[in-house]
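Q: Below is protein.cif; it holds mmCIF, C-alpha atoms and all ligand atoms.
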data_run
loop_
_atom_site.label_atom_id
_atom_site.label_comp_id
_atom_site.auth_asym_id
_atom_site.auth_seq_id
_atom_site.Cartn_x
_atom_site.Cartn_y
_atom_site.Cartn_z
CA MET F 12 0.00 0.00 0.00
CA MET F 13 2.72 2.43 1.04
CA GLN F 14 4.62 1.61 -2.09
CA ARG F 15 1.60 2.39 -4.23
CA LEU F 16 1.04 5.72 -2.51
CA SER F 17 4.62 6.83 -2.94
CA LEU F 18 4.49 5.79 -6.58
CA LEU F 19 1.42 7.97 -7.00
CA ALA F 20 3.18 10.87 -5.27
CA VAL F 21 6.20 10.53 -7.56
CA THR F 22 3.92 10.44 -10.60
CA LEU F 23 2.12 13.60 -9.48
CA LEU F 24 5.38 15.41 -8.79
CA ALA F 25 6.74 14.47 -12.20
CA ALA F 26 3.65 15.94 -13.85
CA GLY F 27 4.36 19.29 -12.24
CA PRO F 28 1.74 21.74 -11.05
CA ALA F 29 -1.62 21.43 -12.78
CA LEU F 30 -2.09 23.89 -15.64
CA ALA F 31 -5.19 26.00 -15.45
CA ASP F 32 -7.42 26.51 -18.48
CA VAL F 33 -7.65 29.79 -20.32
CA ASN F 34 -11.16 31.21 -20.52
CA VAL F 35 -11.88 33.34 -23.54
CA TYR F 36 -14.83 35.58 -24.36
CA SER F 37 -14.83 35.87 -28.12
CA HIS F 38 -16.70 38.21 -30.38
CA ARG F 39 -15.05 36.43 -33.30
CA GLN F 40 -16.69 33.42 -34.94
CA PRO F 41 -16.01 29.83 -33.75
CA GLU F 42 -14.69 28.67 -37.16
CA LEU F 43 -11.81 31.11 -36.83
CA ILE F 44 -11.00 30.84 -33.12
CA GLN F 45 -11.33 27.09 -32.52
CA PRO F 46 -8.39 26.10 -34.78
CA LEU F 47 -6.22 28.65 -32.94
CA ALA F 48 -7.24 27.25 -29.56
CA ASP F 49 -6.66 23.67 -30.72
CA ALA F 50 -3.17 24.49 -31.99
CA PHE F 51 -2.33 26.18 -28.67
CA THR F 52 -3.58 23.22 -26.62
CA ALA F 53 -1.60 20.80 -28.79
CA GLU F 54 1.56 22.82 -28.21
CA THR F 55 1.20 23.59 -24.49
CA GLY F 56 -1.30 21.17 -22.96
CA ILE F 57 -3.31 24.18 -21.76
CA ALA F 58 -7.02 23.87 -22.51
CA VAL F 59 -8.90 26.87 -23.89
CA ASN F 60 -12.58 27.35 -23.07
CA ILE F 61 -14.28 29.72 -25.47
CA ALA F 62 -17.57 31.47 -24.88
CA PHE F 63 -18.81 33.11 -28.06
CA VAL F 64 -20.35 36.40 -27.01
CA GLU F 65 -22.09 38.03 -29.92
CA LYS F 66 -23.55 41.01 -28.10
CA GLY F 67 -23.14 42.76 -24.78
CA MET F 68 -19.51 41.79 -24.12
CA VAL F 69 -18.74 44.96 -22.14
CA GLU F 70 -21.99 44.79 -20.15
CA ARG F 71 -21.34 41.15 -19.29
CA LEU F 72 -17.81 41.81 -18.05
CA VAL F 73 -19.00 44.80 -16.01
CA ALA F 74 -21.83 42.76 -14.48
CA GLU F 75 -19.55 39.83 -13.62
CA GLY F 76 -16.92 42.13 -12.12
CA ALA F 77 -14.17 40.47 -10.12
CA ARG F 78 -16.00 37.12 -10.29
CA SER F 79 -15.79 36.92 -14.10
CA PRO F 80 -14.31 33.62 -15.29
CA ALA F 81 -12.93 35.36 -18.40
CA ASP F 82 -9.18 35.77 -18.80
CA LEU F 83 -9.07 37.09 -22.31
CA VAL F 84 -11.28 38.95 -24.77
CA LEU F 85 -11.04 38.57 -28.55
CA THR F 86 -12.89 41.09 -30.69
CA VAL F 87 -12.83 43.13 -33.89
CA ASP F 88 -12.53 46.85 -34.49
CA ILE F 89 -10.58 49.37 -32.51
CA ALA F 90 -13.82 50.88 -31.15
CA ARG F 91 -14.72 47.68 -29.30
CA LEU F 92 -11.26 47.43 -27.75
CA ILE F 93 -11.53 51.03 -26.60
CA GLN F 94 -14.99 50.36 -25.13
CA LEU F 95 -13.48 47.59 -23.00
CA ASP F 96 -10.80 49.97 -21.82
CA ASP F 97 -13.31 52.76 -21.10
CA ALA F 98 -15.37 50.32 -19.02
CA ASP F 99 -12.23 49.49 -17.03
CA VAL F 100 -12.56 45.73 -17.51
CA ILE F 101 -9.11 45.08 -19.02
CA GLN F 102 -5.57 45.36 -17.68
CA PRO F 103 -2.15 46.14 -19.09
CA VAL F 104 0.08 43.24 -20.09
CA ASP F 105 3.85 43.47 -19.99
CA SER F 106 5.27 41.15 -22.66
CA GLY F 107 8.40 41.44 -24.74
CA VAL F 108 6.95 38.92 -27.19
CA LEU F 109 3.86 41.02 -27.82
CA THR F 110 5.77 44.27 -28.25
CA ALA F 111 8.27 42.55 -30.54
CA ASN F 112 5.67 40.82 -32.74
CA ILE F 113 3.02 43.56 -32.96
CA PRO F 114 3.97 46.85 -34.64
CA GLU F 115 3.51 49.87 -32.41
CA GLN F 116 0.71 51.44 -34.46
CA TYR F 117 -1.46 48.35 -33.89
CA ARG F 118 -1.28 48.19 -30.09
CA ASP F 119 -2.19 50.38 -27.14
CA PRO F 120 0.67 52.66 -26.01
CA ASP F 121 -0.19 51.50 -22.46
CA ASN F 122 -0.30 47.80 -23.44
CA ARG F 123 -3.97 47.33 -22.56
CA TRP F 124 -5.03 46.02 -25.99
CA PHE F 125 -3.15 44.41 -28.86
CA GLY F 126 -3.98 44.00 -32.54
CA LEU F 127 -3.75 40.46 -33.91
CA THR F 128 -4.75 40.98 -37.51
CA THR F 129 -5.26 43.98 -39.72
CA ARG F 130 -7.88 44.57 -42.39
CA ALA F 131 -7.87 47.33 -44.95
CA ARG F 132 -11.01 49.41 -45.60
CA ILE F 133 -10.86 49.71 -49.34
CA VAL F 134 -12.90 50.12 -52.51
CA TYR F 135 -14.78 47.29 -54.19
CA ALA F 136 -14.91 48.17 -57.89
CA SER F 137 -17.00 46.79 -60.75
CA ASN F 138 -14.81 44.82 -63.17
CA ASP F 139 -16.86 46.11 -66.12
CA ARG F 140 -17.48 49.72 -65.22
CA ILE F 141 -14.28 50.80 -63.47
CA LYS F 142 -11.02 51.12 -65.35
CA ASP F 143 -7.55 50.60 -63.88
CA GLY F 144 -6.37 53.76 -62.18
CA GLU F 145 -9.82 55.31 -61.92
CA VAL F 146 -10.03 54.88 -58.15
CA THR F 147 -7.18 56.74 -56.47
CA THR F 148 -7.59 58.36 -53.06
CA TYR F 149 -10.17 58.40 -50.27
CA GLU F 150 -10.39 62.16 -50.78
CA ASP F 151 -11.40 61.61 -54.42
CA LEU F 152 -14.50 59.64 -53.34
CA ALA F 153 -16.12 63.02 -52.55
CA ASP F 154 -15.57 64.29 -56.10
CA PRO F 155 -18.86 64.90 -57.96
CA LYS F 156 -17.65 62.66 -60.81
CA TRP F 157 -18.81 59.74 -58.61
CA LYS F 158 -22.35 61.12 -58.23
CA GLY F 159 -24.86 58.28 -57.91
CA ARG F 160 -22.16 55.62 -58.25
CA ILE F 161 -21.06 54.76 -54.68
CA CYS F 162 -22.56 52.35 -52.14
CA THR F 163 -21.72 51.94 -48.46
CA ARG F 164 -23.14 50.59 -45.22
CA SER F 165 -24.27 52.98 -42.46
CA GLY F 166 -22.06 55.90 -41.65
CA LEU F 167 -22.59 55.08 -37.98
CA ASN F 168 -21.05 51.62 -38.35
CA ASP F 169 -17.79 51.14 -36.43
CA TYR F 170 -15.75 50.48 -39.59
CA ASN F 171 -16.96 53.69 -41.26
CA LEU F 172 -16.50 55.72 -38.08
CA ALA F 173 -12.89 54.53 -37.92
CA LEU F 174 -12.40 55.54 -41.56
CA LEU F 175 -13.88 58.98 -40.87
CA GLY F 176 -11.72 59.20 -37.75
CA ALA F 177 -8.71 58.68 -39.99
CA VAL F 178 -9.95 61.40 -42.37
CA ILE F 179 -10.23 63.76 -39.37
CA SER F 180 -6.70 62.84 -38.26
CA HIS F 181 -5.32 63.55 -41.72
CA HIS F 182 -7.25 66.70 -42.61
CA GLY F 183 -9.03 68.13 -39.58
CA GLU F 184 -12.75 68.22 -38.74
CA ALA F 185 -13.83 70.91 -41.21
CA ASP F 186 -12.33 69.15 -44.24
CA ALA F 187 -13.58 65.80 -42.97
CA LYS F 188 -17.10 67.19 -42.79
CA ALA F 189 -16.91 68.46 -46.36
CA TRP F 190 -15.57 65.06 -47.41
CA ALA F 191 -18.37 63.14 -45.70
CA GLN F 192 -20.96 65.48 -47.25
CA GLY F 193 -19.39 64.99 -50.67
CA LEU F 194 -19.41 61.21 -50.20
CA LYS F 195 -23.05 61.29 -49.11
CA ALA F 196 -23.95 63.33 -52.21
CA ASN F 197 -22.33 60.63 -54.37
CA LEU F 198 -24.25 57.68 -52.90
CA ALA F 199 -26.38 55.62 -55.27
CA ARG F 200 -28.75 54.71 -52.43
CA LYS F 201 -29.20 55.30 -48.71
CA PRO F 202 -26.65 53.36 -46.66
CA SER F 203 -27.95 49.91 -45.74
CA GLY F 204 -26.82 46.35 -45.08
CA GLY F 205 -23.30 45.14 -44.41
CA ASP F 206 -20.16 45.28 -46.55
CA ARG F 207 -21.18 42.15 -48.50
CA ASP F 208 -24.45 43.80 -49.48
CA GLN F 209 -22.47 46.56 -51.19
CA VAL F 210 -20.66 43.95 -53.32
CA LYS F 211 -24.06 42.51 -54.27
CA ALA F 212 -25.30 46.02 -55.13
CA ILE F 213 -22.38 46.48 -57.54
CA ALA F 214 -23.15 43.10 -59.10
CA ALA F 215 -26.80 44.16 -59.45
CA GLY F 216 -25.73 47.36 -61.22
CA GLU F 217 -26.93 49.71 -58.46
CA CYS F 218 -23.50 51.27 -58.00
CA ASP F 219 -20.05 51.09 -59.56
CA ILE F 220 -17.87 51.22 -56.46
CA ALA F 221 -18.39 50.60 -52.74
CA ILE F 222 -16.49 50.95 -49.48
CA GLY F 223 -15.73 47.74 -47.61
CA ASN F 224 -13.24 45.56 -45.76
CA THR F 225 -10.90 43.29 -47.69
CA TYR F 226 -11.68 39.90 -46.09
CA TYR F 227 -15.38 39.95 -47.05
CA ILE F 228 -14.41 39.27 -50.65
CA GLY F 229 -12.65 36.10 -49.44
CA GLN F 230 -15.72 35.06 -47.44
CA MET F 231 -18.00 35.64 -50.43
CA LEU F 232 -15.77 33.71 -52.84
CA ALA F 233 -15.92 30.75 -50.44
CA ASP F 234 -19.74 30.79 -50.41
CA PRO F 235 -21.36 29.30 -53.53
CA GLU F 236 -24.37 31.62 -53.20
CA GLN F 237 -22.34 34.82 -52.87
CA ARG F 238 -19.48 33.87 -55.16
CA PRO F 239 -21.06 35.19 -58.40
CA ALA F 240 -21.34 38.71 -56.96
CA ALA F 241 -17.77 38.66 -55.62
CA GLU F 242 -16.46 37.51 -58.99
CA VAL F 243 -17.60 40.63 -60.82
CA VAL F 244 -15.82 43.06 -58.49
CA HIS F 245 -12.18 43.60 -57.63
CA ILE F 246 -10.33 45.24 -54.79
CA VAL F 247 -8.65 48.61 -55.15
CA TYR F 248 -6.52 50.00 -52.35
CA PRO F 249 -7.12 53.77 -52.16
CA THR F 250 -4.71 55.90 -50.16
CA PHE F 251 -4.94 59.18 -48.32
CA THR F 252 -3.34 61.97 -50.33
CA ASP F 253 -0.80 62.33 -47.53
CA GLY F 254 -0.66 58.70 -46.41
CA GLY F 255 -1.58 55.11 -47.22
CA THR F 256 -4.53 52.73 -47.06
CA HIS F 257 -6.79 52.87 -43.98
CA MET F 258 -6.28 49.91 -41.64
CA ASN F 259 -8.32 48.56 -38.75
CA ILE F 260 -7.60 45.62 -36.45
CA SER F 261 -9.00 42.61 -34.70
CA GLY F 262 -7.43 42.31 -31.31
CA MET F 263 -7.24 41.00 -27.76
CA ALA F 264 -7.06 42.19 -24.20
CA MET F 265 -6.57 40.51 -20.81
CA THR F 266 -9.51 41.06 -18.48
CA LYS F 267 -8.91 42.98 -15.28
CA SER F 268 -10.18 40.05 -13.23
CA ALA F 269 -8.36 37.29 -15.16
CA PRO F 270 -8.12 34.28 -12.79
CA ASN F 271 -5.46 32.51 -14.90
CA ARG F 272 -3.04 35.25 -15.89
CA ALA F 273 0.03 33.14 -16.61
CA GLU F 274 -1.86 30.81 -18.96
CA ALA F 275 -3.72 33.71 -20.57
CA LEU F 276 -0.45 35.50 -21.27
CA LYS F 277 0.92 32.32 -22.89
CA PHE F 278 -2.14 32.20 -25.17
CA MET F 279 -1.80 35.89 -26.03
CA GLU F 280 1.83 35.37 -27.02
CA PHE F 281 0.85 32.29 -29.01
CA LEU F 282 -1.78 34.29 -30.92
CA ALA F 283 0.86 36.85 -31.87
CA GLY F 284 3.30 34.11 -32.95
CA ASP F 285 3.97 32.56 -36.35
CA THR F 286 1.70 29.49 -36.08
CA ALA F 287 -1.39 31.46 -35.07
CA GLN F 288 -0.65 34.34 -37.41
CA ARG F 289 -0.57 31.90 -40.33
CA ILE F 290 -3.89 30.39 -39.26
CA TYR F 291 -5.45 33.87 -39.15
CA ALA F 292 -4.10 34.66 -42.61
CA GLU F 293 -5.33 31.42 -44.16
CA THR F 294 -8.68 31.07 -42.37
CA ASN F 295 -10.07 34.57 -42.78
CA ASN F 296 -7.89 36.29 -45.36
CA GLU F 297 -6.85 39.01 -42.94
CA PHE F 298 -3.36 40.48 -42.83
CA PRO F 299 -1.16 38.97 -40.13
CA VAL F 300 -0.07 41.68 -37.73
CA LYS F 301 3.39 40.12 -37.27
CA PRO F 302 5.80 41.33 -39.93
CA GLY F 303 7.12 38.61 -42.21
CA VAL F 304 4.18 36.20 -41.88
CA PRO F 305 2.84 35.63 -45.41
CA VAL F 306 -0.69 36.59 -46.48
CA SER F 307 -2.96 33.98 -48.09
CA ALA F 308 -2.64 33.28 -51.82
CA LEU F 309 -5.97 35.04 -52.41
CA VAL F 310 -4.87 38.17 -50.53
CA ALA F 311 -1.56 38.12 -52.41
CA SER F 312 -3.54 38.07 -55.68
CA TRP F 313 -5.06 41.44 -54.73
CA GLY F 314 -1.65 43.06 -55.06
CA SER F 315 0.45 45.07 -52.64
CA PHE F 316 -0.29 48.40 -50.99
CA THR F 317 1.03 50.84 -48.42
CA PRO F 318 -0.79 50.80 -45.08
CA ASP F 319 -1.54 54.22 -43.62
CA PRO F 320 0.89 54.83 -40.74
CA LEU F 321 -1.71 56.37 -38.36
CA PRO F 322 -1.67 54.66 -34.97
CA LEU F 323 -5.01 52.97 -34.19
CA SER F 324 -5.05 54.76 -30.81
CA GLU F 325 -5.13 58.07 -32.71
CA ILE F 326 -7.98 56.90 -34.95
CA ALA F 327 -9.87 55.79 -31.84
CA ALA F 328 -9.39 59.21 -30.26
CA GLN F 329 -11.29 60.76 -33.20
CA ARG F 330 -14.29 58.47 -32.86
CA PRO F 331 -16.49 60.85 -30.84
CA ALA F 332 -15.86 63.63 -33.39
CA ALA F 333 -16.55 61.22 -36.27
CA LEU F 334 -19.82 60.08 -34.72
CA LYS F 335 -20.95 63.66 -34.08
CA LEU F 336 -20.09 64.62 -37.64
CA MET F 337 -21.99 61.68 -39.19
CA GLU F 338 -25.04 62.63 -37.12
CA GLU F 339 -24.73 66.32 -38.00
CA ILE F 340 -24.81 65.66 -41.71
CA ASN F 341 -27.39 62.87 -41.35
CA PHE F 342 -25.19 60.62 -43.46
CA ASP F 343 -27.69 57.74 -43.48
CA GLY F 344 -30.72 59.96 -44.22
FE FE C 401 -16.33 42.45 -40.35
#
Let's see the structure in the file written out as structure tokens.

A:
Amino acid sequence: MMQRLSLLAVTLLAAGPALADVNVYSHRQPELIQPLADAFTAETGIAVNIAFVEKGMVERLVAEGARSPADLVLTVDIARLIQLDDADVIQPVDSGVLTANIPEQYRDPDNRWFGLTTRARIVYASNDRIKDGEVTTYEDLADPKWKGRICTRSGLNDYNLALLGAVISHHGEADAKAWAQGLKANLARKPSGGDRDQVKAIAAGECDIAIGNTYYIGQMLADPEQRPAAEVVHIVYPTFTDGGTHMNISGMAMTKSAPNRAEALKFMEFLAGDTAQRIYAETNNEFPVKPGVPVSALVASWGSFTPDPLPLSEIAAQRPAALKLMEEINFDG
């Protein structure tokens, strides 16, 4: 009996301390996050429990407070990361791996949130009706030559507010207002639907160009029902006259109450590493945030471009002004 017990003790000691799980609240879809979690568990033996939270992420974390089981939040758009920070439910993370792998413009200067992928907000253009070189800058989208030819989703949508925030950063509020008014005057129809609906509107002949995020074209090409619409448009990367192409991020943050900080930090560093960055690139056709990790073959086929150098924290700082401006001009009306 004694012998058995000591054998058990030796076995337990050899296994080391038990590893806690990492608990993730994800705003991102299961098809994308599960393969990342599986790869992490295979490498480290640390299990990842994912709760997919479609709505009310901030409210849930606030309500759960210090008792929240969540260690880590995964979400899209700089606005949502900032909302988490404003609600005081995330904490700074000190990691040489994260600061080495993630370019400065795509993470919080105070290390409270980190970008994991980038996406460009670009122009979808009709293959038939738009010639090479016709789409140039974001500023040009307000030129009357586009009257009745542009489609976009709501001006109050996070993606469009970030784009307008970038316009404000580049040109100031007065010029940004004139730009947004010019863009509104060029719309073929009132803003409605999501980015994919704008691709469908081009295919249906309602407009010639539209504003949208890059990866939706990849999602549409992979869907037999949406593929025909995606096949008659192509991606053009506009630039700011004094900059590059507008970028946004998907990202992560450690919760303030994280019960399993060490394991959560390991997962964060894994997500910013080569294996995970490749999975992001291949699964959702986003741009890996880590320099040197290749984009997918589809993304490569869209050609190269120069990302705008504006820090995401600066774009986020312009969000209240962007929202006010969109409401003032009744962009969606
Ligand atoms: Fe999206």

Q: What is the distance, in Å and to one decimal place, between atom CA of Glu236 of chain F and atom CA of Ile220 of chain F?

A: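 Computed distance, atom CA of Glu236 of chain F to atom CA of Ile220 of chain F, equals 20.9 Å.
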
Q: With all atoms listed in the file as the atoms that count, which of F:Arg330, F:Asp82, F:Arg132, F:Val244 lies nearest to Gln94 of chain F?

A: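 Between F:Arg330, F:Asp82, F:Arg132, F:Val244, the residue approaching Gln94 of chain F most closely is F:Arg330.
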
Q: Can you tell me which residues come within 8 Å of ligand FE 401 (chain C) when counting all atoms listed in the file, ideally as a list in words?

A: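 My answer, listing the contacting residues, is Val87, Asp206, Asn224, Tyr226 and Tyr227 of chain F.
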
Q: Sorted by chain and rising residue number, list the residues of segment 185-295 of chain F at most 10 Å from segment 61-72 of chain F (counting all atoms listed in the file), each with its closest atom pair and distance in Å to one decimal, as a tab-separated table.

A:
residue	atom	partner	partner_atom	distance
F:Thr266	CA	F:Leu72	CA	8.3
F:Lys267	CA	F:Leu72	CA	9.4
F:Ser268	CA	F:Leu72	CA	9.2

Q: How many Å separate atom CA of Gly255 of chain F from atom CA of Thr148 of chain F?

A: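 Going from atom CA of Gly255 of chain F over to atom CA of Thr148 of chain F covers 9.0 Å.
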
Q: Just the residues within 9 Å of segment 104-107 of chain F, please, counting all atoms listed in the file, with nothing from its chain fewer than 4 positions along; format it as a short mmCIF file (atom, residue, chain, number, x, y, z; two decimals) with C-alpha atoms, in the frame of the given file.

A:
data_model
loop_
_atom_site.label_atom_id
_atom_site.label_comp_id
_atom_site.auth_asym_id
_atom_site.auth_seq_id
_atom_site.Cartn_x
_atom_site.Cartn_y
_atom_site.Cartn_z
CA ALA F 111 8.27 42.55 -30.54
CA ASN F 112 5.67 40.82 -32.74
CA ASP F 121 -0.19 51.50 -22.46
CA ASN F 122 -0.30 47.80 -23.44
CA ARG F 123 -3.97 47.33 -22.56
CA TRP F 124 -5.03 46.02 -25.99
CA ALA F 264 -7.06 42.19 -24.20
CA MET F 265 -6.57 40.51 -20.81
CA LEU F 276 -0.45 35.50 -21.27
CA GLU F 280 1.83 35.37 -27.02
#

Q: Please work out which residues fall within 12 Å of (-1.2, 27.0, -26.2), coordinates as given in the file, with all atoms listed in the file counting, and return them as a count of residues only.

A: 34

Q: Pick from F:Leu152, F:Tyr135, F:Cys218, F:Thr294: nearest to Ala233 of chain F, with only C-alpha atoms counted?

A: F:Thr294

Q: May I have the residues within 12 Å of Gln192 of chain F as a VMD selection string, using only C-alpha atoms and disregarding those fewer than 4 positions away in the same chain?

A: chain F and resid 150 152 to 155 158 166 175 185 to 188 196 to 198 336 to 344

Q: Taking only C-alpha atoms into account, name the residue in F:Pro103, F:Gly216, F:Gly204, F:Gly183 that is nearest to Asp139 of chain F.

A: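 With only C-alpha atoms as the atom set, the closest residue is F:Gly216.
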
Q: When distances are computed from all atoms listed in the file, which of F:Glu242, F:Asp119, F:Asp143, F:Glu297 shows the smallest separation from Thr225 of chain F?

A: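 Of the candidates, the smallest distance to Thr225 of chain F is held by F:Glu297.
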